[in-house]
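Peer 1: Just protein_2.csv, nothing more (CSV, N, CA and C atoms):
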chain,number,residue,atom,x,y,z
F,13,MET,N,-62.3,34.6,-21.3
F,13,MET,CA,-60.9,35.2,-21.4
F,13,MET,C,-59.9,34.2,-20.9
F,14,ASP,N,-58.9,34.0,-21.6
F,14,ASP,CA,-57.8,33.1,-21.2
F,14,ASP,C,-56.7,33.9,-20.5
F,15,VAL,N,-56.7,33.9,-19.2
F,15,VAL,CA,-55.7,34.7,-18.5
F,15,VAL,C,-54.3,34.4,-18.8
F,16,ASN,N,-54.0,33.1,-19.3
F,16,ASN,CA,-52.7,32.7,-19.6
F,16,ASN,C,-52.1,33.5,-20.8
F,17,LEU,N,-53.0,34.1,-21.6
F,17,LEU,CA,-52.6,34.9,-22.8
F,17,LEU,C,-52.4,36.4,-22.5
F,18,LEU,N,-52.8,36.8,-21.3
F,18,LEU,CA,-52.7,38.2,-20.9
F,18,LEU,C,-51.2,38.5,-20.6
F,19,SER,N,-50.9,39.8,-20.9
F,19,SER,CA,-49.5,40.2,-20.6
F,19,SER,C,-49.3,40.3,-19.1
F,20,PRO,N,-48.1,40.2,-18.7
F,20,PRO,CA,-47.8,40.5,-17.2
F,20,PRO,C,-48.2,41.9,-16.8
F,21,GLY,N,-48.1,42.8,-17.7
F,21,GLY,CA,-48.5,44.2,-17.4
F,21,GLY,C,-50.0,44.3,-17.1
F,22,ALA,N,-50.8,43.6,-17.9
F,22,ALA,CA,-52.3,43.6,-17.7
F,22,ALA,C,-52.6,42.9,-16.4
F,23,LEU,N,-52.0,41.8,-16.1
F,23,LEU,CA,-52.2,41.1,-14.9
F,23,LEU,C,-51.8,41.9,-13.7
F,24,ALA,N,-50.7,42.6,-13.8
F,24,ALA,CA,-50.2,43.4,-12.7
F,24,ALA,C,-51.2,44.6,-12.5
F,25,PHE,N,-51.7,45.1,-13.6
F,25,PHE,CA,-52.6,46.3,-13.5
F,25,PHE,C,-53.9,45.9,-12.7
F,26,VAL,N,-54.4,44.7,-12.9
F,26,VAL,CA,-55.6,44.2,-12.2
F,26,VAL,C,-55.1,43.8,-10.8
F,27,GLY,N,-54.0,43.2,-10.7
F,27,GLY,CA,-53.5,42.7,-9.4
F,27,GLY,C,-53.2,43.8,-8.4
F,28,ASP,N,-52.7,45.0,-8.9
F,28,ASP,CA,-52.5,46.1,-8.1
F,28,ASP,C,-53.8,46.6,-7.4
F,29,ALA,N,-54.8,46.7,-8.2
F,29,ALA,CA,-56.1,47.1,-7.6
F,29,ALA,C,-56.7,46.0,-6.7
F,30,TYR,N,-56.6,44.8,-7.0
F,30,TYR,CA,-57.1,43.7,-6.2
F,30,TYR,C,-56.4,43.6,-4.9
F,31,TYR,N,-55.0,43.7,-4.9
F,31,TYR,CA,-54.2,43.6,-3.7
F,31,TYR,C,-54.5,44.8,-2.8
F,32,GLY,N,-54.7,46.0,-3.4
F,32,GLY,CA,-55.0,47.2,-2.7
F,32,GLY,C,-56.4,47.0,-2.0
F,33,LEU,N,-57.3,46.4,-2.7
F,33,LEU,CA,-58.6,46.2,-2.1
F,33,LEU,C,-58.5,45.2,-0.9
F,34,LEU,N,-57.7,44.2,-1.0
F,34,LEU,CA,-57.6,43.2,0.1
F,34,LEU,C,-57.0,44.0,1.3
F,35,VAL,N,-56.0,44.8,1.1
F,35,VAL,CA,-55.4,45.6,2.2
F,35,VAL,C,-56.5,46.5,2.8
F,36,ARG,N,-57.2,47.2,2.0
F,36,ARG,CA,-58.2,48.2,2.5
F,36,ARG,C,-59.3,47.5,3.2
F,37,GLU,N,-59.7,46.3,2.8
F,37,GLU,CA,-60.8,45.5,3.5
F,37,GLU,C,-60.3,45.2,4.9
F,38,ARG,N,-59.0,44.7,5.0
F,38,ARG,CA,-58.5,44.3,6.3
F,38,ARG,C,-58.4,45.6,7.2
F,39,LEU,N,-57.9,46.7,6.6
F,39,LEU,CA,-57.7,47.9,7.4
F,39,LEU,C,-59.0,48.4,7.9
F,40,ALA,N,-60.1,48.3,7.1
F,40,ALA,CA,-61.4,48.8,7.5
F,40,ALA,C,-61.9,48.1,8.8
F,41,GLU,N,-61.4,46.9,9.0
F,41,GLU,CA,-61.8,46.1,10.2
F,41,GLU,C,-61.3,46.8,11.5
F,42,ILE,N,-60.2,47.6,11.4
F,42,ILE,CA,-59.7,48.2,12.6
F,42,ILE,C,-60.4,49.5,13.0
F,43,ASN,N,-61.2,50.0,12.0
F,43,ASN,CA,-62.1,51.1,12.3
F,43,ASN,C,-61.4,52.3,12.9
F,44,ARG,N,-60.6,52.9,12.1
F,44,ARG,CA,-59.9,54.1,12.5
F,44,ARG,C,-60.3,55.3,11.5
F,45,PRO,N,-59.9,56.5,11.8
F,45,PRO,CA,-60.2,57.6,10.9
F,45,PRO,C,-59.7,57.3,9.5
F,46,SER,N,-60.4,57.8,8.5
F,46,SER,CA,-60.0,57.5,7.1
F,46,SER,C,-58.6,58.0,6.7
F,47,GLY,N,-58.2,59.1,7.3
F,47,GLY,CA,-56.8,59.6,7.0
F,47,GLY,C,-55.8,58.6,7.5
F,48,GLU,N,-56.0,58.1,8.7
F,48,GLU,CA,-55.1,57.1,9.2
F,48,GLU,C,-55.1,55.8,8.4
F,49,LEU,N,-56.3,55.4,8.0
F,49,LEU,CA,-56.4,54.2,7.2
F,49,LEU,C,-55.7,54.3,5.9
F,50,HIS,N,-55.8,55.5,5.3
F,50,HIS,CA,-55.1,55.8,4.0
F,50,HIS,C,-53.6,55.7,4.2
F,51,SER,N,-53.1,56.3,5.3
F,51,SER,CA,-51.6,56.2,5.5
F,51,SER,C,-51.1,54.8,5.7
F,52,LEU,N,-51.9,54.0,6.4
F,52,LEU,CA,-51.5,52.6,6.6
F,52,LEU,C,-51.6,51.9,5.3
F,53,SER,N,-52.6,52.1,4.5
F,53,SER,CA,-52.7,51.5,3.2
F,53,SER,C,-51.5,51.8,2.3
F,54,VAL,N,-51.1,53.0,2.2
F,54,VAL,CA,-50.0,53.4,1.4
F,54,VAL,C,-48.7,52.6,1.8
F,55,LYS,N,-48.5,52.5,3.1
F,55,LYS,CA,-47.4,51.8,3.6
F,55,LYS,C,-47.4,50.3,3.2
F,56,LEU,N,-48.6,49.7,3.2
F,56,LEU,CA,-48.7,48.3,2.9
F,56,LEU,C,-48.7,47.9,1.4
F,57,VAL,N,-49.0,48.9,0.6
F,57,VAL,CA,-49.1,48.6,-0.9
F,57,VAL,C,-47.8,49.1,-1.6
F,58,LYS,N,-46.9,49.8,-1.0
F,58,LYS,CA,-45.7,50.3,-1.7
F,58,LYS,C,-44.8,49.1,-2.0
F,59,ALA,N,-44.0,49.3,-3.0
F,59,ALA,CA,-43.2,48.3,-3.6
F,59,ALA,C,-42.3,47.5,-2.5
F,60,GLY,N,-41.7,48.2,-1.6
F,60,GLY,CA,-40.9,47.5,-0.6
F,60,GLY,C,-41.8,46.5,0.3
F,61,ALA,N,-42.9,47.0,0.6
F,61,ALA,CA,-43.8,46.1,1.4
F,61,ALA,C,-44.3,44.9,0.6
F,62,GLN,N,-44.6,45.1,-0.7
F,62,GLN,CA,-45.0,44.0,-1.5
F,62,GLN,C,-43.9,43.0,-1.8
F,63,ALA,N,-42.7,43.5,-1.9
F,63,ALA,CA,-41.5,42.6,-2.1
F,63,ALA,C,-41.3,41.8,-0.8
F,64,ALA,N,-41.5,42.4,0.3
F,64,ALA,CA,-41.4,41.6,1.6
F,64,ALA,C,-42.5,40.6,1.7
F,65,ALA,N,-43.7,41.0,1.2
F,65,ALA,CA,-44.9,40.1,1.3
F,65,ALA,C,-44.6,38.9,0.4
F,66,PHE,N,-44.0,39.0,-0.7
F,66,PHE,CA,-43.7,37.9,-1.6
F,66,PHE,C,-42.9,36.8,-0.8
F,67,LYS,N,-41.9,37.3,-0.1
F,67,LYS,CA,-41.0,36.4,0.6
F,67,LYS,C,-41.8,35.6,1.7
F,68,LEU,N,-42.8,36.2,2.2
F,68,LEU,CA,-43.7,35.5,3.2
F,68,LEU,C,-44.5,34.3,2.6
F,69,ILE,N,-44.8,34.4,1.3
F,69,ILE,CA,-45.6,33.4,0.7
F,69,ILE,C,-44.9,32.5,-0.3
F,70,GLU,N,-43.7,32.8,-0.6
F,70,GLU,CA,-42.9,32.1,-1.6
F,70,GLU,C,-43.0,30.6,-1.5
F,71,SER,N,-42.8,30.1,-0.3
F,71,SER,CA,-42.7,28.7,0.0
F,71,SER,C,-44.1,28.0,-0.1
F,72,GLU,N,-45.2,28.8,-0.1
F,72,GLU,CA,-46.5,28.3,-0.2
F,72,GLU,C,-47.0,28.2,-1.7
F,73,LEU,N,-46.3,28.7,-2.6
F,73,LEU,CA,-46.8,28.8,-4.0
F,73,LEU,C,-46.6,27.5,-4.8
F,74,SER,N,-47.6,27.2,-5.6
F,74,SER,CA,-47.5,26.1,-6.5
F,74,SER,C,-46.5,26.5,-7.6
F,75,ASP,N,-46.1,25.5,-8.4
F,75,ASP,CA,-45.2,25.7,-9.5
F,75,ASP,C,-45.8,26.7,-10.5
F,76,LYS,N,-47.1,26.6,-10.8
F,76,LYS,CA,-47.8,27.5,-11.7
F,76,LYS,C,-47.8,28.9,-11.1
F,77,GLU,N,-48.1,29.1,-9.8
F,77,GLU,CA,-48.2,30.4,-9.2
F,77,GLU,C,-46.8,31.0,-9.2
F,78,LEU,N,-45.7,30.3,-9.0
F,78,LEU,CA,-44.4,30.8,-9.0
F,78,LEU,C,-44.0,31.2,-10.4
F,79,SER,N,-44.4,30.5,-11.4
F,79,SER,CA,-44.2,30.8,-12.8
F,79,SER,C,-44.8,32.1,-13.1
F,80,VAL,N,-46.1,32.3,-12.7
F,80,VAL,CA,-46.8,33.6,-13.0
F,80,VAL,C,-46.1,34.7,-12.3
F,81,TYR,N,-45.7,34.6,-11.0
F,81,TYR,CA,-44.9,35.6,-10.3
F,81,TYR,C,-43.7,36.0,-11.1
F,82,LYS,N,-42.9,35.0,-11.6
F,82,LYS,CA,-41.7,35.2,-12.3
F,82,LYS,C,-41.9,36.0,-13.6
F,83,ARG,N,-43.0,35.6,-14.3
F,83,ARG,CA,-43.4,36.4,-15.5
F,83,ARG,C,-43.5,37.9,-15.2
F,84,GLY,N,-44.2,38.2,-14.1
F,84,GLY,CA,-44.4,39.6,-13.7
F,84,GLY,C,-43.1,40.2,-13.3
F,85,ARG,N,-42.3,39.5,-12.5
F,85,ARG,CA,-41.1,40.0,-12.0
F,85,ARG,C,-40.1,40.3,-13.1
F,86,ASN,N,-40.1,39.5,-14.1
F,86,ASN,CA,-39.1,39.7,-15.2
F,86,ASN,C,-39.6,40.6,-16.3
F,87,ALA,N,-40.8,41.1,-16.2
F,87,ALA,CA,-41.4,41.9,-17.2
F,87,ALA,C,-40.7,43.3,-17.3
F,88,HIS,N,-40.6,43.8,-18.5
F,88,HIS,CA,-40.0,45.1,-18.7
F,88,HIS,C,-40.8,46.2,-18.1
F,89,VAL,N,-40.2,47.1,-17.3
F,89,VAL,CA,-40.9,48.3,-16.8
F,89,VAL,C,-40.3,49.5,-17.3
F,90,ASN,N,-41.1,50.6,-17.4
F,90,ASN,CA,-40.6,51.8,-17.9
F,90,ASN,C,-40.0,52.7,-16.9
F,91,SER,N,-40.4,52.6,-15.7
F,91,SER,CA,-39.9,53.5,-14.6
F,91,SER,C,-40.0,52.8,-13.3
F,92,ILE,N,-39.1,53.3,-12.4
F,92,ILE,CA,-39.1,52.7,-11.0
F,92,ILE,C,-39.4,53.9,-10.1
F,93,PRO,N,-40.3,53.7,-9.1
F,93,PRO,CA,-40.6,54.8,-8.2
F,93,PRO,C,-39.3,55.1,-7.3
F,94,LYS,N,-39.2,56.3,-6.9
F,94,LYS,CA,-38.0,56.8,-6.2
F,94,LYS,C,-37.9,56.2,-4.8
F,95,ASN,N,-39.0,55.6,-4.3
F,95,ASN,CA,-39.0,55.1,-2.9
F,95,ASN,C,-38.7,53.6,-2.9
F,96,ALA,N,-38.3,53.0,-4.1
F,96,ALA,CA,-38.1,51.5,-4.2
F,96,ALA,C,-36.8,51.3,-5.0
F,97,SER,N,-36.2,50.2,-4.6
F,97,SER,CA,-35.0,49.7,-5.4
F,97,SER,C,-35.6,49.0,-6.6
F,98,VAL,N,-34.7,48.8,-7.6
F,98,VAL,CA,-35.1,48.1,-8.8
F,98,VAL,C,-35.6,46.7,-8.5
F,99,GLY,N,-34.9,46.0,-7.6
F,99,GLY,CA,-35.3,44.6,-7.2
F,99,GLY,C,-36.6,44.6,-6.5
F,100,GLU,N,-36.9,45.6,-5.6
F,100,GLU,CA,-38.1,45.6,-4.9
F,100,GLU,C,-39.3,45.9,-5.9
F,101,TYR,N,-39.1,46.8,-6.8
F,101,TYR,CA,-40.1,47.1,-7.8
F,101,TYR,C,-40.5,45.9,-8.6
F,102,HIS,N,-39.4,45.2,-9.1
F,102,HIS,CA,-39.7,44.0,-9.9
F,102,HIS,C,-40.4,42.9,-9.1
F,103,SER,N,-40.0,42.7,-7.9
F,103,SER,CA,-40.7,41.7,-7.0
F,103,SER,C,-42.1,42.1,-6.7
F,104,ALA,N,-42.4,43.4,-6.5
F,104,ALA,CA,-43.7,43.9,-6.3
F,104,ALA,C,-44.6,43.7,-7.5
F,105,THR,N,-44.0,43.9,-8.7
F,105,THR,CA,-44.7,43.7,-9.9
F,105,THR,C,-45.1,42.3,-10.1
F,106,GLY,N,-44.2,41.4,-9.7
F,106,GLY,CA,-44.4,39.9,-9.7
F,106,GLY,C,-45.6,39.6,-8.8
F,107,LEU,N,-45.6,40.1,-7.6
F,107,LEU,CA,-46.7,39.8,-6.7
F,107,LEU,C,-48.0,40.3,-7.2
F,108,GLU,N,-48.0,41.5,-7.8
F,108,GLU,CA,-49.3,42.1,-8.4
F,108,GLU,C,-49.7,41.2,-9.5
F,109,THR,N,-48.8,40.7,-10.3
F,109,THR,CA,-49.1,39.8,-11.4
F,109,THR,C,-49.8,38.6,-10.9
F,110,LEU,N,-49.2,38.0,-9.9
F,110,LEU,CA,-49.8,36.8,-9.3
F,110,LEU,C,-51.2,37.0,-8.8
F,111,PHE,N,-51.4,38.1,-8.1
F,111,PHE,CA,-52.8,38.4,-7.5
F,111,PHE,C,-53.8,38.7,-8.7
F,112,GLY,N,-53.3,39.4,-9.7
F,112,GLY,CA,-54.2,39.7,-10.8
F,112,GLY,C,-54.5,38.4,-11.5
F,113,TYR,N,-53.6,37.5,-11.7
F,113,TYR,CA,-53.8,36.2,-12.3
F,113,TYR,C,-54.8,35.4,-11.5
F,114,LEU,N,-54.6,35.3,-10.2
F,114,LEU,CA,-55.6,34.5,-9.4
F,114,LEU,C,-57.0,35.1,-9.5
F,115,HIS,N,-57.1,36.4,-9.4
F,115,HIS,CA,-58.4,37.1,-9.4
F,115,HIS,C,-59.1,36.8,-10.8
F,116,LEU,N,-58.4,37.0,-11.8
F,116,LEU,CA,-59.0,36.9,-13.2
F,116,LEU,C,-59.3,35.4,-13.5
F,117,SER,N,-58.6,34.5,-12.8
F,117,SER,CA,-58.8,33.1,-13.0
F,117,SER,C,-60.0,32.6,-12.1
F,118,GLY,N,-60.6,33.5,-11.4
F,118,GLY,CA,-61.7,33.1,-10.5
F,118,GLY,C,-61.2,32.4,-9.3
F,119,ARG,N,-60.0,32.6,-8.9
F,119,ARG,CA,-59.4,31.9,-7.7
F,119,ARG,C,-59.2,32.9,-6.6
F,120,ASP,N,-60.2,33.7,-6.3
F,120,ASP,CA,-60.1,34.6,-5.2
F,120,ASP,C,-59.9,34.0,-3.9
F,121,GLU,N,-60.4,32.8,-3.7
F,121,GLU,CA,-60.2,32.1,-2.4
F,121,GLU,C,-58.8,31.8,-2.2
F,122,ARG,N,-58.0,31.4,-3.2
F,122,ARG,CA,-56.6,31.2,-3.1
F,122,ARG,C,-55.9,32.5,-2.9
F,123,ALA,N,-56.3,33.5,-3.5
F,123,ALA,CA,-55.6,34.8,-3.3
F,123,ALA,C,-55.8,35.3,-1.9
F,124,GLU,N,-57.0,35.1,-1.4
F,124,GLU,CA,-57.3,35.5,0.0
F,124,GLU,C,-56.5,34.6,1.0
F,125,GLU,N,-56.3,33.3,0.7
F,125,GLU,CA,-55.5,32.4,1.5
F,125,GLU,C,-54.1,32.9,1.6
F,126,LEU,N,-53.5,33.3,0.4
F,126,LEU,CA,-52.1,33.8,0.4
F,126,LEU,C,-52.1,35.2,1.1
F,127,PHE,N,-53.1,36.0,0.9
F,127,PHE,CA,-53.1,37.3,1.6
F,127,PHE,C,-53.2,37.2,3.1
F,128,LYS,N,-53.9,36.2,3.6
F,128,LYS,CA,-54.0,36.0,5.0
F,128,LYS,C,-52.7,35.7,5.6
F,129,ILE,N,-51.9,34.9,4.9
F,129,ILE,CA,-50.5,34.6,5.4
F,129,ILE,C,-49.7,35.9,5.5
F,130,ILE,N,-49.8,36.7,4.4
F,130,ILE,CA,-49.1,38.0,4.4
F,130,ILE,C,-49.5,38.9,5.6
F,131,TRP,N,-50.8,39.0,5.8
F,131,TRP,CA,-51.4,39.8,6.8
F,131,TRP,C,-51.0,39.4,8.2
F,132,GLU,N,-51.1,38.1,8.4
F,132,GLU,CA,-50.8,37.6,9.8
F,132,GLU,C,-49.3,37.6,10.1
F,133,LYS,N,-48.5,37.4,9.1
F,133,LYS,CA,-47.0,37.4,9.4
F,133,LYS,C,-46.4,38.8,9.4
F,134,SER,N,-47.0,39.7,8.6
F,134,SER,CA,-46.3,41.0,8.5
F,134,SER,C,-47.1,42.1,9.3
F,135,VAL,N,-48.3,42.2,9.1
F,135,VAL,CA,-49.1,43.3,9.7
F,135,VAL,C,-49.4,43.0,11.2
F,136,LYS,N,-49.9,41.8,11.4
F,136,LYS,CA,-50.3,41.5,12.8
F,136,LYS,C,-49.1,41.0,13.6
F,137,GLY,N,-48.0,40.7,12.9
F,137,GLY,CA,-46.7,40.3,13.6
F,137,GLY,C,-46.7,38.9,14.2
F,138,GLU,N,-47.6,38.1,13.6
F,138,GLU,CA,-47.6,36.7,14.1
F,138,GLU,C,-46.6,35.8,13.4
What would the structure in this file look like if it were written as structure tokens?
Peer 2:
Amino acid sequence: MDVNLLSPGALAFVGDAYYGLLVRERLAEINRPSGELHSLSVKLVKAGAQAAAFKLIESELSDKELSVYKRGRNAHVNSIPKNASVGEYHSATGLETLFGYLHLSGRDERAEELFKIIWEKSVKGE
């Protein structure tokens, strides 16, 4: 499969699931009740949090990665969730597109490297 030919929507679809899995794997390490883990997960994968996450890694991205992000950010969307601004939602879609692209390109190590930056700067507060 040539991931460069996939639509931003298809990449974001996969990226949403992959990013969510990265969040859940990290949260599992803190070993809390499942209801608490679920609540934390929802907070970390919502559009506002993903838009903020992009800002944390923006300076670390290669030209190609930034281009993939922008393809997703600029893609047409049919609806915006009520808990997010239009800008946040587009930025979150761009982040999901990037993570989907990296995963489908077999570059999970790079995705995990970027996610580590997000986790350490936003969740752990470092």
Peer 1: Report, in Å with one decimal, the straight-line distance from atom CA of Tyr31 of chain F to atom N of Thr109 of chain F.
Peer 2: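 Between atom CA of Tyr31 of chain F and atom N of Thr109 of chain F the gap is 9.0 Å.
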Peer 1: Could you work out how far atom C of Gly106 of chain F lies from atom C of Tyr81 of chain F, giving the answer in Å with one decimal?
Peer 2: 4.7 Å
Peer 1: Could you please write out, as a PyMOL selection string, every residue of segment 13-119 of chain F that DSSP assigns to alpha helix (DSSP H)?
Peer 2: chain F and resi 20-40+46-57+59-69+75-85+98-116
Peer 1: Please produce, as a tab-separated table, a per-residue contact table for segment 24-69 of chain F versus segment 122-132 of chain F (criterion: any atom at most 10 Å away, only C-alpha atoms considered), showing the nearest atom pair and its distance in Å to one decimal, sorted by chain then residue number.
Peer 2:
residue	atom	partner	partner_atom	distance
F:Tyr30	CA	F:Ala123	CA	9.5
F:Tyr31	CA	F:Phe127	CA	8.3
F:Leu34	CA	F:Phe127	CA	7.6
F:Val35	CA	F:Trp131	CA	8.4
F:Arg38	CA	F:Trp131	CA	8.4
F:Leu56	CA	F:Trp131	CA	9.7
F:Gln62	CA	F:Ile130	CA	9.4
F:Ala64	CA	F:Ile130	CA	8.9
F:Ala65	CA	F:Ile130	CA	5.6
F:Phe66	CA	F:Ile130	CA	8.1
F:Lys67	CA	F:Ile130	CA	9.1
F:Leu68	CA	F:Ile130	CA	6.1
F:Ile69	CA	F:Leu126	CA	6.5
Peer 1: Could you turn the residues from that selection into a file that holds N, CA and C atoms, as an mmCIF file, in the frame of the given file?
Peer 2:
data_model
loop_
_atom_site.group_PDB
_atom_site.id
_atom_site.type_symbol
_atom_site.label_atom_id
_atom_site.label_comp_id
_atom_site.auth_asym_id
_atom_site.auth_seq_id
_atom_site.Cartn_x
_atom_site.Cartn_y
_atom_site.Cartn_z
ATOM 1 N N TYR F 30 -56.600 44.800 -7.000
ATOM 2 C CA TYR F 30 -57.100 43.700 -6.200
ATOM 3 C C TYR F 30 -56.400 43.600 -4.900
ATOM 4 N N TYR F 31 -55.000 43.700 -4.900
ATOM 5 C CA TYR F 31 -54.200 43.600 -3.700
ATOM 6 C C TYR F 31 -54.500 44.800 -2.800
ATOM 7 N N LEU F 34 -57.700 44.200 -1.000
ATOM 8 C CA LEU F 34 -57.600 43.200 0.100
ATOM 9 C C LEU F 34 -57.000 44.000 1.300
ATOM 10 N N VAL F 35 -56.000 44.800 1.100
ATOM 11 C CA VAL F 35 -55.400 45.600 2.200
ATOM 12 C C VAL F 35 -56.500 46.500 2.800
ATOM 13 N N ARG F 38 -59.000 44.700 5.000
ATOM 14 C CA ARG F 38 -58.500 44.300 6.300
ATOM 15 C C ARG F 38 -58.400 45.600 7.200
ATOM 16 N N LEU F 56 -48.600 49.700 3.200
ATOM 17 C CA LEU F 56 -48.700 48.300 2.900
ATOM 18 C C LEU F 56 -48.700 47.900 1.400
ATOM 19 N N GLN F 62 -44.600 45.100 -0.700
ATOM 20 C CA GLN F 62 -45.000 44.000 -1.500
ATOM 21 C C GLN F 62 -43.900 43.000 -1.800
ATOM 22 N N ALA F 64 -41.500 42.400 0.300
ATOM 23 C CA ALA F 64 -41.400 41.600 1.600
ATOM 24 C C ALA F 64 -42.500 40.600 1.700
ATOM 25 N N ALA F 65 -43.700 41.000 1.200
ATOM 26 C CA ALA F 65 -44.900 40.100 1.300
ATOM 27 C C ALA F 65 -44.600 38.900 0.400
ATOM 28 N N PHE F 66 -44.000 39.000 -0.700
ATOM 29 C CA PHE F 66 -43.700 37.900 -1.600
ATOM 30 C C PHE F 66 -42.900 36.800 -0.800
ATOM 31 N N LYS F 67 -41.900 37.300 -0.100
ATOM 32 C CA LYS F 67 -41.000 36.400 0.600
ATOM 33 C C LYS F 67 -41.800 35.600 1.700
ATOM 34 N N LEU F 68 -42.800 36.200 2.200
ATOM 35 C CA LEU F 68 -43.700 35.500 3.200
ATOM 36 C C LEU F 68 -44.500 34.300 2.600
ATOM 37 N N ILE F 69 -44.800 34.400 1.300
ATOM 38 C CA ILE F 69 -45.600 33.400 0.700
ATOM 39 C C ILE F 69 -44.900 32.500 -0.300
#
Peer 1: Could you state the separation of atom CA of Val80 of chain F and atom CA of Lys94 of chain F in Å, given to one decimal place?
Peer 2: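 Spanning atom CA of Val80 of chain F to atom CA of Lys94 of chain F is a straight-line distance of 25.7 Å.
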Peer 1: How would you write as an mmCIF file with N, CA and C atoms, keeping the file's coordinate frame the residues that get within 7 Å of (-48.5, 34.2, -7.2) in the file's frame, counting only C-alpha atoms?
Peer 2:
data_model
loop_
_atom_site.group_PDB
_atom_site.id
_atom_site.type_symbol
_atom_site.label_atom_id
_atom_site.label_comp_id
_atom_site.auth_asym_id
_atom_site.auth_seq_id
_atom_site.Cartn_x
_atom_site.Cartn_y
_atom_site.Cartn_z
ATOM 1 N N LEU F 73 -46.300 28.700 -2.600
ATOM 2 C CA LEU F 73 -46.800 28.800 -4.000
ATOM 3 C C LEU F 73 -46.600 27.500 -4.800
ATOM 4 N N GLU F 77 -48.100 29.100 -9.800
ATOM 5 C CA GLU F 77 -48.200 30.400 -9.200
ATOM 6 C C GLU F 77 -46.800 31.000 -9.200
ATOM 7 N N LEU F 78 -45.700 30.300 -9.000
ATOM 8 C CA LEU F 78 -44.400 30.800 -9.000
ATOM 9 C C LEU F 78 -44.000 31.200 -10.400
ATOM 10 N N VAL F 80 -46.100 32.300 -12.700
ATOM 11 C CA VAL F 80 -46.800 33.600 -13.000
ATOM 12 C C VAL F 80 -46.100 34.700 -12.300
ATOM 13 N N TYR F 81 -45.700 34.600 -11.000
ATOM 14 C CA TYR F 81 -44.900 35.600 -10.300
ATOM 15 C C TYR F 81 -43.700 36.000 -11.100
ATOM 16 N N LEU F 107 -45.600 40.100 -7.600
ATOM 17 C CA LEU F 107 -46.700 39.800 -6.700
ATOM 18 C C LEU F 107 -48.000 40.300 -7.200
ATOM 19 N N LEU F 110 -49.200 38.000 -9.900
ATOM 20 C CA LEU F 110 -49.800 36.800 -9.300
ATOM 21 C C LEU F 110 -51.200 37.000 -8.800
ATOM 22 N N PHE F 111 -51.400 38.100 -8.100
ATOM 23 C CA PHE F 111 -52.800 38.400 -7.500
ATOM 24 C C PHE F 111 -53.800 38.700 -8.700
#
Peer 1: Would you mind telling me which residue in F:Val89, F:Gly118, F:Ser79, F:Gly84 lies nearest to Ala24 of chain F when using only C-alpha atoms?
Peer 2: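 Smallest separation from Ala24 of chain F among the options: F:Gly84.
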Peer 1: Name all residues at most 9 Å from Ser53 of chain F (count only C-alpha atoms; drop same-chain ones fewer than 3 positions away) and give them as a CSV table (one decimal) with N, CA and C atoms, keeping the file's coordinate frame.
Peer 2:
chain,number,residue,atom,x,y,z
F,32,GLY,N,-54.7,46.0,-3.4
F,32,GLY,CA,-55.0,47.2,-2.7
F,32,GLY,C,-56.4,47.0,-2.0
F,35,VAL,N,-56.0,44.8,1.1
F,35,VAL,CA,-55.4,45.6,2.2
F,35,VAL,C,-56.5,46.5,2.8
F,36,ARG,N,-57.2,47.2,2.0
F,36,ARG,CA,-58.2,48.2,2.5
F,36,ARG,C,-59.3,47.5,3.2
F,39,LEU,N,-57.9,46.7,6.6
F,39,LEU,CA,-57.7,47.9,7.4
F,39,LEU,C,-59.0,48.4,7.9
F,48,GLU,N,-56.0,58.1,8.7
F,48,GLU,CA,-55.1,57.1,9.2
F,48,GLU,C,-55.1,55.8,8.4
F,49,LEU,N,-56.3,55.4,8.0
F,49,LEU,CA,-56.4,54.2,7.2
F,49,LEU,C,-55.7,54.3,5.9
F,50,HIS,N,-55.8,55.5,5.3
F,50,HIS,CA,-55.1,55.8,4.0
F,50,HIS,C,-53.6,55.7,4.2
F,56,LEU,N,-48.6,49.7,3.2
F,56,LEU,CA,-48.7,48.3,2.9
F,56,LEU,C,-48.7,47.9,1.4
F,57,VAL,N,-49.0,48.9,0.6
F,57,VAL,CA,-49.1,48.6,-0.9
F,57,VAL,C,-47.8,49.1,-1.6
F,58,LYS,N,-46.9,49.8,-1.0
F,58,LYS,CA,-45.7,50.3,-1.7
F,58,LYS,C,-44.8,49.1,-2.0
Peer 1: If we count all atoms listed in the file and set the cut-off at 7 Å, which residues sit around Ala96 of chain F, ignoring sequence neighbours fewer than 5 positions away in its own chain? Please answer as a ChimeraX atom specification.
Peer 2: /F:59-60,101
Peer 1: Near Ser103 of chain F, counting only N, CA and C atoms, which residues have an atom at most 6.5 Å away, once you skip same-chain residues fewer than 4 positions from it, shown as a PyMOL selection string?
Peer 2: chain F and resi 62-63+85+98-99+107-108
Peer 1: Applying 12 Å and only C-alpha atoms, which residues near Asp14 of chain F remain after dropping the ones on its own chain fewer than 6 positions away? List them as a list in words.
Peer 2: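 Surrounding residues, per the criterion: Leu23, Tyr113, Leu116, Ser117 and Gly118 of chain F.
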Peer 1: Could you check the closest approach to Lys82 of chain F for each of F:Val26, F:Thr105, F:Ser97, F:Glu37 and tell me which residue wins, using all atoms listed in the file?
Peer 2: F:Thr105
